[in-house]
Amino acid sequence: MKVAIIGAGASGLLCAIECAKSGVEVDLYEQNNKPAKKILVSGNGRCNISNTSLDAADFFSQNPNFVEYAIKTFNFKAFEKMMLTLGLPLTALEDGRAYPLSNEAKSVANILVQSAKNFGANLITEHKVNSLSELKNYDAVVVATGSETASHLGGCDDGYKFAKELGHNIIPTYPSLVQLELDSPYPKKMSGAKVEGEVSLHINGIKEQTISGDILFSDYGVSGFAILDISQTASVALLNAQAVDIVLNLLPKMTTQQIAVFLLNTSKNNPSLTLFDIIHNLLPLKITQAVLLSLNLSPTQTTCDTKLTKKIANRITQWKFEVSDTHGFRHAEVSGGGVDTTQINPKTFASKLQPNIYFIGEVLDVVGRRGGYNFAFAWASGYLAAKDIISYNCSTQLQVKTQSKK
């Protein structure tokens with residue numbers, strides 16, 4: 001049996017390894033000059049490879065139960081065992097995030113690519129497949145093309161085009177785990193400044209969620225883990241033309257009242273200190289400057305009363321910004337939307353519309369939370385597709401042998 005896999009990313013490489021080691025002839029097509037480019041940059045070069053705790057609630061899709069069988073069948077323990085067999089030990093943090101023991105994404109990419117080759121998969125780089133009709137001589141085709149995210153690393157919409165060739169429905173796509181652009185002049189003035197804060201996401205004026213974590217200001221808006229964690233919900237809302245705002249608490253370790261009291265007491269006890277001096281004791285310099293500017297206050301002002309301290313404290317703990325857009329597919333880590341999973345078999349990842357065609361990984365309408373979940377789904381989908389191909393290959397060989405005996 002001969003199989004073509006389009007895309008040498010996480011799901012494509014694992015599928016190739018499983019197929020090849022079971023005797024399936026595999027051609028793995030990669031449009032880049034090197035495979036696994038997105039793996040190499042994941043987790044800031046560390047590669048958050050999976051998570052020890054996987055649940056359907058960690059994923060978003062218009063068909064939310066689709067992932068359940070895959071992540072239960074090929075759970076973290078099964079994945080960890082496979083990686084150890086290949087020679088890649090893993091380590092996990094208390095929050096469940098798993099990494100290669102080396103703490104380097106290079107080791108993940110290297111072991112996957114080398115294993116695929118060692119088992120006999122034929123890796124064909126710098127080869128862009130433009131249509132599934134080019135692969136009509138294969139017994140099965142696996143689409144593992146990923147999404148539009150990170151176009152500089154090869155992200156594209158090819159998989160959606162292939163799916164449309166077969167009559168598949170495409171759920172509108174959107175960037176996820178992505179920075180947010182704000183309609184305000186102040187983020188640019190705070191660019192480069194970072195705090196451990198809280199972000200509340202408001203959609204059409206209603207608070208949807210509050211997330212704690214780091215907030216990093218930039219020329220276009222905000223980034224940081226707290227922002228990435230709310231970005232999926234924000235991105236979907238923007239896609240649906242809803243009003244999206246965020247409210248930032250830049251100092252969650254103190255209440256608004258505590259901040260106001262601190263400002264007032266410090267001003268009374270140290271009358272020579274300016275507003276800038278006092279606030280700078282709480283927040284980074286650029287943020288201090290922006291807070292004062294946003295309230296039209298002079299940084300050299302020394303007088304401070306109860307009304308003013310409350311005003312400043314409210315700005316620090318409840319600074320509202322309008323979200324104008326995400327920072328786009330190019331800067332996103334993953335993509336939501338994609339091939340409609342109601343038309344995909346959740347146990348085999350085979351198309352329900354066309355025999356011997358499989359869709360795996362990020363090309364599907366499945367996106368996970370931050371923390372290794374998207375990789376976990378890529379591994380599981382690649383594994384299950386391979387198992388179905390292997391099963392078909394074995395039954396085909398059995399039929400051939402039976403017929404030859406006759």
# chains A, B, ... in the order shown; residues from 1 in each chain; ligands from 1
$ select_by_dssp --residues "segment 8-202 of chain A" --states "alpha helix (DSSP H)" --output "compact mmCIF listing (two decimals) with N, CA and C atoms, in the first residue's frame"
# COMPACT_ATOMS: atom_id res chain seq x y z
N ALA A 10 3.65 18.43 12.83
CA ALA A 10 3.47 17.50 13.93
C ALA A 10 2.60 16.30 13.55
N SER A 11 1.39 16.55 13.06
CA SER A 11 0.48 15.44 12.76
C SER A 11 0.99 14.61 11.60
N GLY A 12 1.53 15.27 10.57
CA GLY A 12 2.03 14.54 9.40
C GLY A 12 3.21 13.65 9.71
N LEU A 13 4.13 14.15 10.52
CA LEU A 13 5.31 13.36 10.87
C LEU A 13 4.94 12.14 11.72
N LEU A 14 4.05 12.33 12.70
CA LEU A 14 3.68 11.19 13.54
C LEU A 14 2.93 10.14 12.71
N CYS A 15 2.07 10.61 11.83
CA CYS A 15 1.33 9.68 10.96
C CYS A 15 2.29 8.91 10.07
N ALA A 16 3.30 9.61 9.55
CA ALA A 16 4.29 8.96 8.69
C ALA A 16 5.08 7.90 9.44
N ILE A 17 5.46 8.21 10.68
CA ILE A 17 6.22 7.27 11.51
C ILE A 17 5.40 6.00 11.74
N GLU A 18 4.15 6.16 12.17
CA GLU A 18 3.30 5.01 12.46
C GLU A 18 3.06 4.16 11.22
N CYS A 19 2.80 4.82 10.10
CA CYS A 19 2.54 4.07 8.86
C CYS A 19 3.79 3.33 8.40
N ALA A 20 4.91 4.05 8.37
CA ALA A 20 6.14 3.48 7.82
C ALA A 20 6.64 2.30 8.64
N LYS A 21 6.54 2.40 9.97
CA LYS A 21 7.08 1.32 10.79
C LYS A 21 6.21 0.06 10.72
N LYS A 37 9.03 23.13 10.78
CA LYS A 37 9.42 24.50 11.10
C LYS A 37 8.62 25.08 12.26
N LYS A 38 7.33 24.78 12.32
CA LYS A 38 6.51 25.33 13.41
C LYS A 38 6.86 24.66 14.74
N ILE A 39 7.25 23.40 14.69
CA ILE A 39 7.68 22.72 15.92
C ILE A 39 8.91 23.41 16.48
N LEU A 40 9.82 23.79 15.62
CA LEU A 40 11.09 24.39 16.05
C LEU A 40 10.91 25.70 16.80
N VAL A 41 9.85 26.45 16.48
CA VAL A 41 9.66 27.76 17.14
C VAL A 41 8.63 27.70 18.27
N GLU A 68 -13.12 13.91 21.57
CA GLU A 68 -13.14 13.07 22.77
C GLU A 68 -12.51 11.70 22.56
N TYR A 69 -12.89 11.00 21.50
CA TYR A 69 -12.35 9.66 21.25
C TYR A 69 -10.84 9.71 21.03
N ALA A 70 -10.40 10.67 20.25
CA ALA A 70 -8.97 10.75 19.91
C ALA A 70 -8.09 10.98 21.13
N ILE A 71 -8.46 11.95 21.97
CA ILE A 71 -7.59 12.28 23.11
C ILE A 71 -7.67 11.24 24.22
N LYS A 72 -8.76 10.44 24.23
CA LYS A 72 -8.84 9.34 25.20
C LYS A 72 -8.08 8.12 24.70
N THR A 73 -8.16 7.86 23.41
CA THR A 73 -7.49 6.69 22.84
C THR A 73 -5.98 6.89 22.80
N PHE A 76 -2.04 11.16 26.98
CA PHE A 76 -0.66 11.56 27.24
C PHE A 76 0.24 10.37 27.52
N LYS A 77 -0.24 9.41 28.29
CA LYS A 77 0.59 8.24 28.63
C LYS A 77 0.98 7.46 27.37
N ALA A 78 0.03 7.32 26.45
CA ALA A 78 0.32 6.60 25.20
C ALA A 78 1.34 7.38 24.38
N PHE A 79 1.17 8.69 24.34
CA PHE A 79 2.12 9.53 23.59
C PHE A 79 3.50 9.49 24.22
N GLU A 80 3.54 9.62 25.55
CA GLU A 80 4.82 9.60 26.27
C GLU A 80 5.55 8.28 26.02
N LYS A 81 4.82 7.19 26.03
CA LYS A 81 5.42 5.87 25.78
C LYS A 81 6.00 5.80 24.37
N MET A 82 5.26 6.33 23.41
CA MET A 82 5.76 6.32 22.04
C MET A 82 7.04 7.14 21.91
N MET A 83 7.04 8.34 22.51
CA MET A 83 8.22 9.20 22.41
C MET A 83 9.44 8.56 23.06
N LEU A 84 9.21 7.89 24.20
CA LEU A 84 10.32 7.22 24.88
C LEU A 84 10.87 6.09 24.02
N THR A 85 9.97 5.38 23.34
CA THR A 85 10.41 4.31 22.43
C THR A 85 11.26 4.87 21.30
N LEU A 86 10.90 6.06 20.85
CA LEU A 86 11.68 6.70 19.78
C LEU A 86 13.00 7.28 20.30
N ALA A 105 13.12 22.49 21.45
CA ALA A 105 12.25 22.04 20.36
C ALA A 105 13.04 21.31 19.28
N LYS A 106 14.31 21.65 19.16
CA LYS A 106 15.14 21.00 18.14
C LYS A 106 15.18 19.49 18.32
N SER A 107 15.19 19.05 19.59
CA SER A 107 15.26 17.61 19.83
C SER A 107 13.97 16.92 19.39
N VAL A 108 12.83 17.61 19.51
CA VAL A 108 11.55 17.05 19.07
C VAL A 108 11.53 16.93 17.55
N ALA A 109 11.87 18.01 16.88
CA ALA A 109 11.87 18.00 15.42
C ALA A 109 12.84 16.95 14.89
N ASN A 110 14.01 16.89 15.50
CA ASN A 110 15.03 15.95 15.03
C ASN A 110 14.60 14.50 15.18
N ILE A 111 14.03 14.15 16.34
CA ILE A 111 13.65 12.75 16.56
C ILE A 111 12.51 12.33 15.67
N LEU A 112 11.56 13.24 15.41
CA LEU A 112 10.44 12.91 14.54
C LEU A 112 10.89 12.72 13.09
N VAL A 113 11.71 13.63 12.61
CA VAL A 113 12.18 13.55 11.22
C VAL A 113 13.06 12.33 11.02
N GLN A 114 14.00 12.12 11.94
CA GLN A 114 14.91 10.98 11.81
C GLN A 114 14.17 9.65 11.94
N SER A 115 13.19 9.60 12.82
CA SER A 115 12.42 8.37 12.99
C SER A 115 11.63 8.05 11.73
N ALA A 116 11.01 9.06 11.16
CA ALA A 116 10.25 8.85 9.92
C ALA A 116 11.15 8.29 8.83
N LYS A 117 12.32 8.88 8.70
CA LYS A 117 13.27 8.42 7.68
C LYS A 117 13.77 7.01 7.99
N ASN A 118 14.10 6.77 9.25
CA ASN A 118 14.65 5.46 9.62
C ASN A 118 13.65 4.33 9.39
N ASP A 158 -4.05 25.64 1.89
CA ASP A 158 -4.12 24.55 0.91
C ASP A 158 -5.09 23.45 1.33
N GLY A 159 -5.06 23.09 2.60
CA GLY A 159 -5.90 22.00 3.09
C GLY A 159 -7.37 22.28 2.90
N TYR A 160 -7.76 23.55 3.09
CA TYR A 160 -9.16 23.91 2.89
C TYR A 160 -9.55 23.78 1.41
N LYS A 161 -8.62 24.14 0.54
CA LYS A 161 -8.87 24.01 -0.90
C LYS A 161 -9.03 22.54 -1.28
N PHE A 162 -8.17 21.69 -0.72
CA PHE A 162 -8.28 20.25 -1.01
C PHE A 162 -9.64 19.72 -0.53
N ALA A 163 -10.05 20.18 0.67
CA ALA A 163 -11.32 19.72 1.23
C ALA A 163 -12.49 20.15 0.34
N LYS A 164 -12.41 21.37 -0.14
CA LYS A 164 -13.47 21.88 -1.02
C LYS A 164 -13.55 21.08 -2.32
N GLU A 165 -12.40 20.61 -2.80
CA GLU A 165 -12.38 19.77 -4.02
C GLU A 165 -13.28 18.56 -3.84
N TYR A 186 -2.50 54.71 23.85
CA TYR A 186 -1.68 54.46 25.04
C TYR A 186 -0.82 53.19 25.00
N PRO A 187 -1.29 52.08 24.41
CA PRO A 187 -0.41 50.90 24.35
C PRO A 187 0.94 51.18 23.71
N LYS A 188 0.95 51.99 22.67
CA LYS A 188 2.22 52.31 22.00
C LYS A 188 3.17 53.03 22.95
N LYS A 189 2.60 53.88 23.80
CA LYS A 189 3.44 54.62 24.76
C LYS A 189 3.98 53.69 25.85
$ residues_around --residues "segment 317-328 of chain A" --least-positions-apart "5" --cutoff "10 Å" --atoms "only C-alpha atoms" --output "VMD selection string"
chain A and resid 148 to 150 174 to 184 186 to 187 197 to 202 220 to 223 231 to 232 234 to 235 238 to 239 243 to 252 254 to 256 259 291 294 312
$ residues_around --residues "segment 93-101 of chain A" --least-positions-apart "5" --cutoff "6 Å" --atoms "only C-alpha atoms" --output "list in words"
Asn48, Ile49, Ser50, Asn51, Thr52 and Gly371 of chain A
$ residues_around --residues "Val24 of chain A" --least-positions-apart "5" --cutoff "10 Å" --atoms "only C-alpha atoms" --output "PyMOL selection string"
chain A and resi 1-3+16-19+119-121+386+389-390+393-394
$ write_last_selection --atoms "N, CA and C atoms" --output "CSV table (one decimal), in the first residue's frame"
chain,number,residue,atom,x,y,z
A,1,MET,N,0.8,-1.2,0.0
A,1,MET,CA,0.0,0.0,0.0
A,1,MET,C,0.9,1.2,0.0
A,2,LYS,N,0.5,2.2,-0.8
A,2,LYS,CA,1.3,3.5,-0.9
A,2,LYS,C,0.4,4.7,-0.5
A,3,VAL,N,1.0,5.5,0.4
A,3,VAL,CA,0.3,6.6,1.0
A,3,VAL,C,1.0,7.9,0.8
A,16,ALA,N,3.3,9.6,9.5
A,16,ALA,CA,4.3,9.0,8.7
A,16,ALA,C,5.1,7.9,9.4
A,17,ILE,N,5.5,8.2,10.7
A,17,ILE,CA,6.2,7.3,11.5
A,17,ILE,C,5.4,6.0,11.7
A,18,GLU,N,4.2,6.2,12.2
A,18,GLU,CA,3.3,5.0,12.5
A,18,GLU,C,3.1,4.2,11.2
A,19,CYS,N,2.8,4.8,10.1
A,19,CYS,CA,2.5,4.1,8.9
A,19,CYS,C,3.8,3.3,8.4
A,119,PHE,N,12.4,4.6,9.6
A,119,PHE,CA,11.4,3.6,9.3
A,119,PHE,C,11.0,3.4,7.9
A,120,GLY,N,11.6,4.3,7.0
A,120,GLY,CA,11.4,4.2,5.6
A,120,GLY,C,10.6,5.2,4.9
A,121,ALA,N,10.0,6.2,5.6
A,121,ALA,CA,9.2,7.2,4.9
A,121,ALA,C,10.1,8.0,4.0
A,386,ALA,N,-3.2,6.9,11.0
A,386,ALA,CA,-2.2,5.9,10.7
A,386,ALA,C,-2.8,4.5,11.0
A,389,ILE,N,-5.1,3.4,8.4
A,389,ILE,CA,-4.4,3.0,7.1
A,389,ILE,C,-3.7,1.7,7.3
A,390,ILE,N,-3.1,1.5,8.4
A,390,ILE,CA,-2.4,0.2,8.7
A,390,ILE,C,-3.4,-0.9,8.7
A,393,ASN,N,-4.2,-1.7,5.2
A,393,ASN,CA,-3.1,-2.3,4.5
A,393,ASN,C,-3.0,-3.8,4.9
A,394,CYS,N,-3.2,-4.1,6.2
A,394,CYS,CA,-3.1,-5.5,6.6
A,394,CYS,C,-4.2,-6.4,6.0
$ closest_residue --among "A:His152, A:Lys34, A:Thr348, A:Gly336" --to "Tyr392 of chain A" --atoms "only C-alpha atoms"
A:Thr348
$ atom_distance --atom1 "atom CA of Asn314 of chain A" --atom2 "atom CA of Thr288 of chain A"
13.6 Å
$ select_by_dssp --residues "segment 39-213 of chain A" --states "strand (DSSP E or B)" --output "count of residues only"
46
$ closest_residue --among "A:Gly155, A:Ile316, A:Val67, A:Leu123" --to "Phe349 of chain A" --atoms "only C-alpha atoms"
A:Val67
$ residues_around --residues "Ser151 of chain A" --least-positions-apart "3" --cutoff "9 Å" --atoms "only C-alpha atoms" --output "number ranges by chain"
A: 147-148, 154-156, 329-331
$ atom_distance --atom1 "atom CA of Gln354 of chain A" --atom2 "atom CA of Val142 of chain A"
11.9 Å
$ atom_distance --atom1 "atom CA of Ile211 of chain A" --atom2 "atom CA of Arg315 of chain A"
18.3 Å
$ closest_residue --among "A:Asp229, A:Phe74, A:Leu384, A:Lys311" --to "Asn345 of chain A" --atoms "only C-alpha atoms"
A:Leu384
$ closest_residue --among "A:Leu153, A:Cys304, A:Ala241, A:Ala380" --to "Leu273 of chain A" --atoms "only C-alpha atoms"
A:Cys304
$ residues_around --residues "Leu132 of chain A" --least-positions-apart "2" --cutoff "9 Å" --atoms "only C-alpha atoms" --output "PyMOL selection string"
chain A and resi 129-130+134-136+141+162+165
$ write_last_selection --atoms "C-alpha atoms" --output "PDB file, in the first residue's frame"
ATOM      1  CA  VAL A 129       0.969  19.815  -3.868  1.00  0.00           C
ATOM      2  CA  ASN A 130      -1.549  22.027  -5.667  1.00  0.00           C
ATOM      3  CA  GLU A 134      -1.830  15.003  -8.531  1.00  0.00           C
ATOM      4  CA  LEU A 135      -1.891  12.106  -6.052  1.00  0.00           C
ATOM      5  CA  LYS A 136      -4.375   9.816  -7.797  1.00  0.00           C
ATOM      6  CA  VAL A 141      -3.908  10.520   0.964  1.00  0.00           C
ATOM      7  CA  PHE A 162      -8.283  20.247  -1.005  1.00  0.00           C
ATOM      8  CA  GLU A 165     -12.382  19.772  -4.019  1.00  0.00           C
TER       9      GLU A 165
END
